[in-house]
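Worksheet: one structure, shown below.
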Amino acid sequence: MQGEIEHISIEGIISAVPENEVCNDDYVAKIENRRVKKQILLTGIDRRRVTIGEQKASDLAVVAADRLLNHLKWERSEIDVIIFVTQSPDLVRPSTAFLIQDRLGISKDCMVYDINQGCAGYIVGLTTICSILQVTRGKGLLLVGESNAIDGEEVDRNALLEGDAAAATALQYQEDTTPMKFINHCDGSRANYLYKTLNNFAYMDGNAVLLFGLSDVADSVKKFISDNGMDVADIDYYVFHQAQKMIVDGIAQEVGIPEDRCLNSCQLFGNTSSASVPLTICLGKEKRKLTGRKKLLLCGYGIGLTWGIIMLDMDMDVVFPIMESNYTFEDRKKFYL
Amino acid sequence: MTREEKIEIIADILEIELEEVTEEAVLADFDTWDSVAVLGVISAVSEATGRYLHAEEILQLSTIGDLFRILEP
């Protein structure tokens with residue numbers, strides 16, 4: 001599925017991470033298993049943020065969204081839609097977006113729901129919310145976040161990749177914008193590559209996922225660039241989902257993207273699933289002191305399997321610093337958790 | 001890179017003894033031939049030759065002999 005999104009602008013992005021930082025190097029010292037040690041070194045993930053206590057992705061997402069709304073001076077009654085992309089919801093049902101609506105004090109004249117998507121979630125979420133806002137011609141909040149990361153001696157190999165984070169993106173209808181271009185792919189025949197069952201059995205075929213990144217994703221990026229009559233050099237910065245350093249580097253090499261055009265965050269924050277693309281934009285802005293309008297190519301890929309690309313002109317001045325928060329909302333007490 | 005150096009790299013990737021590194025050994029027969037091993041191969045080839053393996057090249061790796069060949073600059 002592909003198309004153009006007209007008349008929607010991103011008015012702000014804020015990412016939030018837990019204060020608790022885990023150093024994978026500490027595990028290298030403690031863990032006896034040579035293979036796990038090797039994996040830690042190969043992933044290029046040095047540190048991760050992990051929630052502690054009752055804190056969930058929704059807590060981080062709301063803290064980020066609240067600051068963003070205050071910053072933009074948007075009325076809480078103005079929001080048409082809240083979409084929360086997550087695989088770590090507060091409840092099985094209803095959607096966590098309902099809790100988020102209440103925490104943010106958003107009026108009832110609004111549609112809210114979750115999207116169950118992982119590493120391609122930001123692309124799927126952006127496509128969805130932009131489509132809605134084109135119809136309502138209003139304002140919306142796209143929240144993404146994950147809090148599945150584990151801190152402790154019992155972590156398995158795949159858990160060493162995962163970090164917790166969330167991000168809030170504010171969007172609104174505007175007549176005069178450069179269209180975003182997008183493409184989304186899904187392949188349910190490969191759903192068994194990466195999954196978690198209802199009784200919490202998690203599985204990943206690491207090799208299959210690695211090859212998916214290096215082939216399907218890289219090929220799609222190349223085709224997307226050429227189909228749009230562009231060259232790699234026409235895009236200022238590439239923001240790939242931060243699966244792990246070698247996959248990101250591999251895709252970039254395959255497409256022929258110079259290293260300095262790729263923003264990254266996995267070294268400091270790990271694989272943060274749906275939050276990785278906005279978190280990487282925020283970190284890239286901070287580290288490289290980016291200002292003004294930049295042409296970005298955003299690419300998410302992962303569970304489903306899903307992979308998608310959005311190319312857009314982003315005003316880097318509305319990308320705000322990464323927040324750190326351990327705040328946990330009290331409303332969970334309303335539910336028998 | 002000498003053949004001995006390649007043997008050491010391959011033994012390290014597959015976590016086997018040096019004498020187990022034989023050209024005809026099938027990679028799929030090793031329990032350790034997983035994504036960590038593949039990442040190890042990508043990393044070793046990148047260090048040895050300065051290039052990044054394509055997905056098709058990884059898919060075609062079938063025996064230890066193939067690992068010797070791709071470690072060739």
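Scheme for the structure tokens: letters A, B, ... for chains in order shown; per-chain residue numbers from 1; ligand numbers from 1 in order shown.
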
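Excluding Gln60 (chain B) and any residue on its chain fewer than 6 positions from it, the residues at most 12 Å away by only C-alpha atoms are Leu211 of chain A; Val26, Leu27, Ala28, Val38, Leu53, His54, Asp66, Leu67, Arg69 and Ile70 of chain B.
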
Should the cut-off be 9 Å, what would the residue list for chain B against chain A look like, counting only C-alpha atoms, as a PDB file with N, CA and C atoms, in the first residue's frame?
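Output (part.pdb):
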```
ATOM      1  N   GLU B  15      32.013 -21.856  17.923  1.00  0.00           N
ATOM      2  CA  GLU B  15      32.339 -22.374  19.257  1.00  0.00           C
ATOM      3  C   GLU B  15      32.674 -23.852  19.215  1.00  0.00           C
ATOM      4  N   THR B  32      25.164 -24.140  17.146  1.00  0.00           N
ATOM      5  CA  THR B  32      25.601 -22.754  17.325  1.00  0.00           C
ATOM      6  C   THR B  32      25.473 -21.915  16.049  1.00  0.00           C
ATOM      7  N   ASP B  34      23.507 -19.928  14.487  1.00  0.00           N
ATOM      8  CA  ASP B  34      22.275 -19.152  14.683  1.00  0.00           C
ATOM      9  C   ASP B  34      22.552 -17.693  14.338  1.00  0.00           C
ATOM     10  N   SER B  35      21.669 -16.802  14.773  1.00  0.00           N
ATOM     11  CA  SER B  35      21.824 -15.399  14.369  1.00  0.00           C
ATOM     12  C   SER B  35      23.086 -14.766  14.971  1.00  0.00           C
ATOM     13  N   VAL B  36      23.492 -15.253  16.159  1.00  0.00           N
ATOM     14  CA  VAL B  36      24.733 -14.714  16.751  1.00  0.00           C
ATOM     15  C   VAL B  36      25.919 -15.120  15.871  1.00  0.00           C
ATOM     16  N   ALA B  37      25.894 -16.374  15.393  1.00  0.00           N
ATOM     17  CA  ALA B  37      26.969 -16.837  14.511  1.00  0.00           C
ATOM     18  C   ALA B  37      26.970 -16.041  13.208  1.00  0.00           C
ATOM     19  N   VAL B  38      25.776 -15.820  12.653  1.00  0.00           N
ATOM     20  CA  VAL B  38      25.697 -15.074  11.385  1.00  0.00           C
ATOM     21  C   VAL B  38      26.201 -13.643  11.584  1.00  0.00           C
ATOM     22  N   LEU B  39      25.822 -13.040  12.699  1.00  0.00           N
ATOM     23  CA  LEU B  39      26.335 -11.692  12.989  1.00  0.00           C
ATOM     24  C   LEU B  39      27.857 -11.735  13.117  1.00  0.00           C
ATOM     25  N   GLY B  40      28.356 -12.823  13.711  1.00  0.00           N
ATOM     26  CA  GLY B  40      29.804 -13.003  13.851  1.00  0.00           C
ATOM     27  C   GLY B  40      30.483 -13.093  12.490  1.00  0.00           C
ATOM     28  N   ILE B  42      29.266 -11.853   9.629  1.00  0.00           N
ATOM     29  CA  ILE B  42      29.177 -10.528   8.995  1.00  0.00           C
ATOM     30  C   ILE B  42      30.297  -9.630   9.531  1.00  0.00           C
ATOM     31  N   SER B  43      30.462  -9.676  10.860  1.00  0.00           N
ATOM     32  CA  SER B  43      31.471  -8.843  11.504  1.00  0.00           C
ATOM     33  C   SER B  43      32.886  -9.244  11.059  1.00  0.00           C
ATOM     34  N   ARG B  51      34.039  -5.212   3.520  1.00  0.00           N
ATOM     35  CA  ARG B  51      32.719  -5.139   2.882  1.00  0.00           C
ATOM     36  C   ARG B  51      31.666  -5.860   3.723  1.00  0.00           C
ATOM     37  N   TYR B  52      30.413  -5.466   3.485  1.00  0.00           N
ATOM     38  CA  TYR B  52      29.297  -6.010   4.245  1.00  0.00           C
ATOM     39  C   TYR B  52      28.613  -7.077   3.401  1.00  0.00           C
ATOM     40  N   LEU B  53      28.347  -8.241   3.981  1.00  0.00           N
ATOM     41  CA  LEU B  53      27.730  -9.326   3.205  1.00  0.00           C
ATOM     42  C   LEU B  53      26.308  -8.982   2.781  1.00  0.00           C
ATOM     43  N   HIS B  54      25.946  -9.360   1.558  1.00  0.00           N
ATOM     44  CA  HIS B  54      24.556  -9.226   1.101  1.00  0.00           C
ATOM     45  C   HIS B  54      23.740 -10.391   1.667  1.00  0.00           C
ATOM     46  N   ALA B  55      22.424 -10.178   1.749  1.00  0.00           N
ATOM     47  CA  ALA B  55      21.540 -11.219   2.281  1.00  0.00           C
ATOM     48  C   ALA B  55      21.677 -12.520   1.475  1.00  0.00           C
ATOM     49  N   GLU B  56      21.789 -12.395   0.134  1.00  0.00           N
ATOM     50  CA  GLU B  56      21.877 -13.610  -0.703  1.00  0.00           C
ATOM     51  C   GLU B  56      23.144 -14.403  -0.382  1.00  0.00           C
ATOM     52  N   ILE B  58      24.628 -14.537   2.488  1.00  0.00           N
ATOM     53  CA  ILE B  58      24.430 -15.207   3.783  1.00  0.00           C
ATOM     54  C   ILE B  58      23.574 -16.457   3.584  1.00  0.00           C
ATOM     55  N   LEU B  59      22.525 -16.304   2.751  1.00  0.00           N
ATOM     56  CA  LEU B  59      21.622 -17.430   2.493  1.00  0.00           C
ATOM     57  C   LEU B  59      22.354 -18.588   1.825  1.00  0.00           C
TER      58      LEU B  59
END
```

Pull the alpha helix (DSSP H) assignments for chain B out of DSSP run on the backbone, and list those residues as a PyMOL selection string. chain B and resi 3-14+35-49+55-59+64-70

When you draw a straight line from CA of Gly140 (chain A) to CA of Thr96 (chain A), how long is it in Å?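 Computed distance, CA of Gly140 (chain A) to CA of Thr96 (chain A), equals 16.2 Å.
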
Figure out the distance between CA of Val319 (chain A) and CA of Ile150 (chain A), please, to one decimal in Å.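 Separating CA of Ile150 (chain A) from CA of Val319 (chain A) is a distance of 28.4 Å.
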
From a backbone DSSP assignment, name each residue in region 58-283 of chain A labelled strand (DSSP E or B), as a ChimeraX atom specification. /A:79-86,111-115,139-146,162,165-173,180-186,194-196,202-204,237-240,262-263,271

By how many Å are CA of Thr128 (chain A) and CA of Val112 (chain A) apart?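 CA of Thr128 (chain A) sits 12.2 Å away from CA of Val112 (chain A).
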
Using only C-alpha atoms, which protein or nucleic acid residues come within 10 Å of region 74-77 of chain A? Drop anything in the same chain fewer than 3 positions from it, and give the result as a ChimeraX atom specification. /A:66,68-71,80,101,104-110,139,170

Using only C-alpha atoms, which residues sit within 9 Å of Ala11 (chain B) once same-chain residues fewer than 6 positions away are excluded, as number ranges by chain? B: 17-21

Keeping only C-alpha atoms, write the selected residues to a file as a PDB file, in the first residue's frame.
```
ATOM      1  CA  GLU B  17      37.580 -26.974  18.569  1.00  0.00           C
ATOM      2  CA  LEU B  18      40.144 -26.019  15.925  1.00  0.00           C
ATOM      3  CA  GLU B  19      40.340 -29.604  14.677  1.00  0.00           C
ATOM      4  CA  GLU B  20      36.584 -29.655  14.081  1.00  0.00           C
ATOM      5  CA  VAL B  21      36.944 -26.940  11.439  1.00  0.00           C
TER       6      VAL B  21
END
```

Can you tell me, as number ranges by chain, what residues are no more than 6 Å from region 321-331 of chain A when counting only C-alpha atoms, ignoring any on the same chain fewer than 3 positions away? A: 15-19, 55, 59, 334

Write out as an MDAnalysis selection string each polymer residue whose atoms come within 6 Å of region 181-190 of chain A, counting only C-alpha atoms; drop sequence neighbours fewer than 6 positions from it. chainID A and resid 1:4 304:311
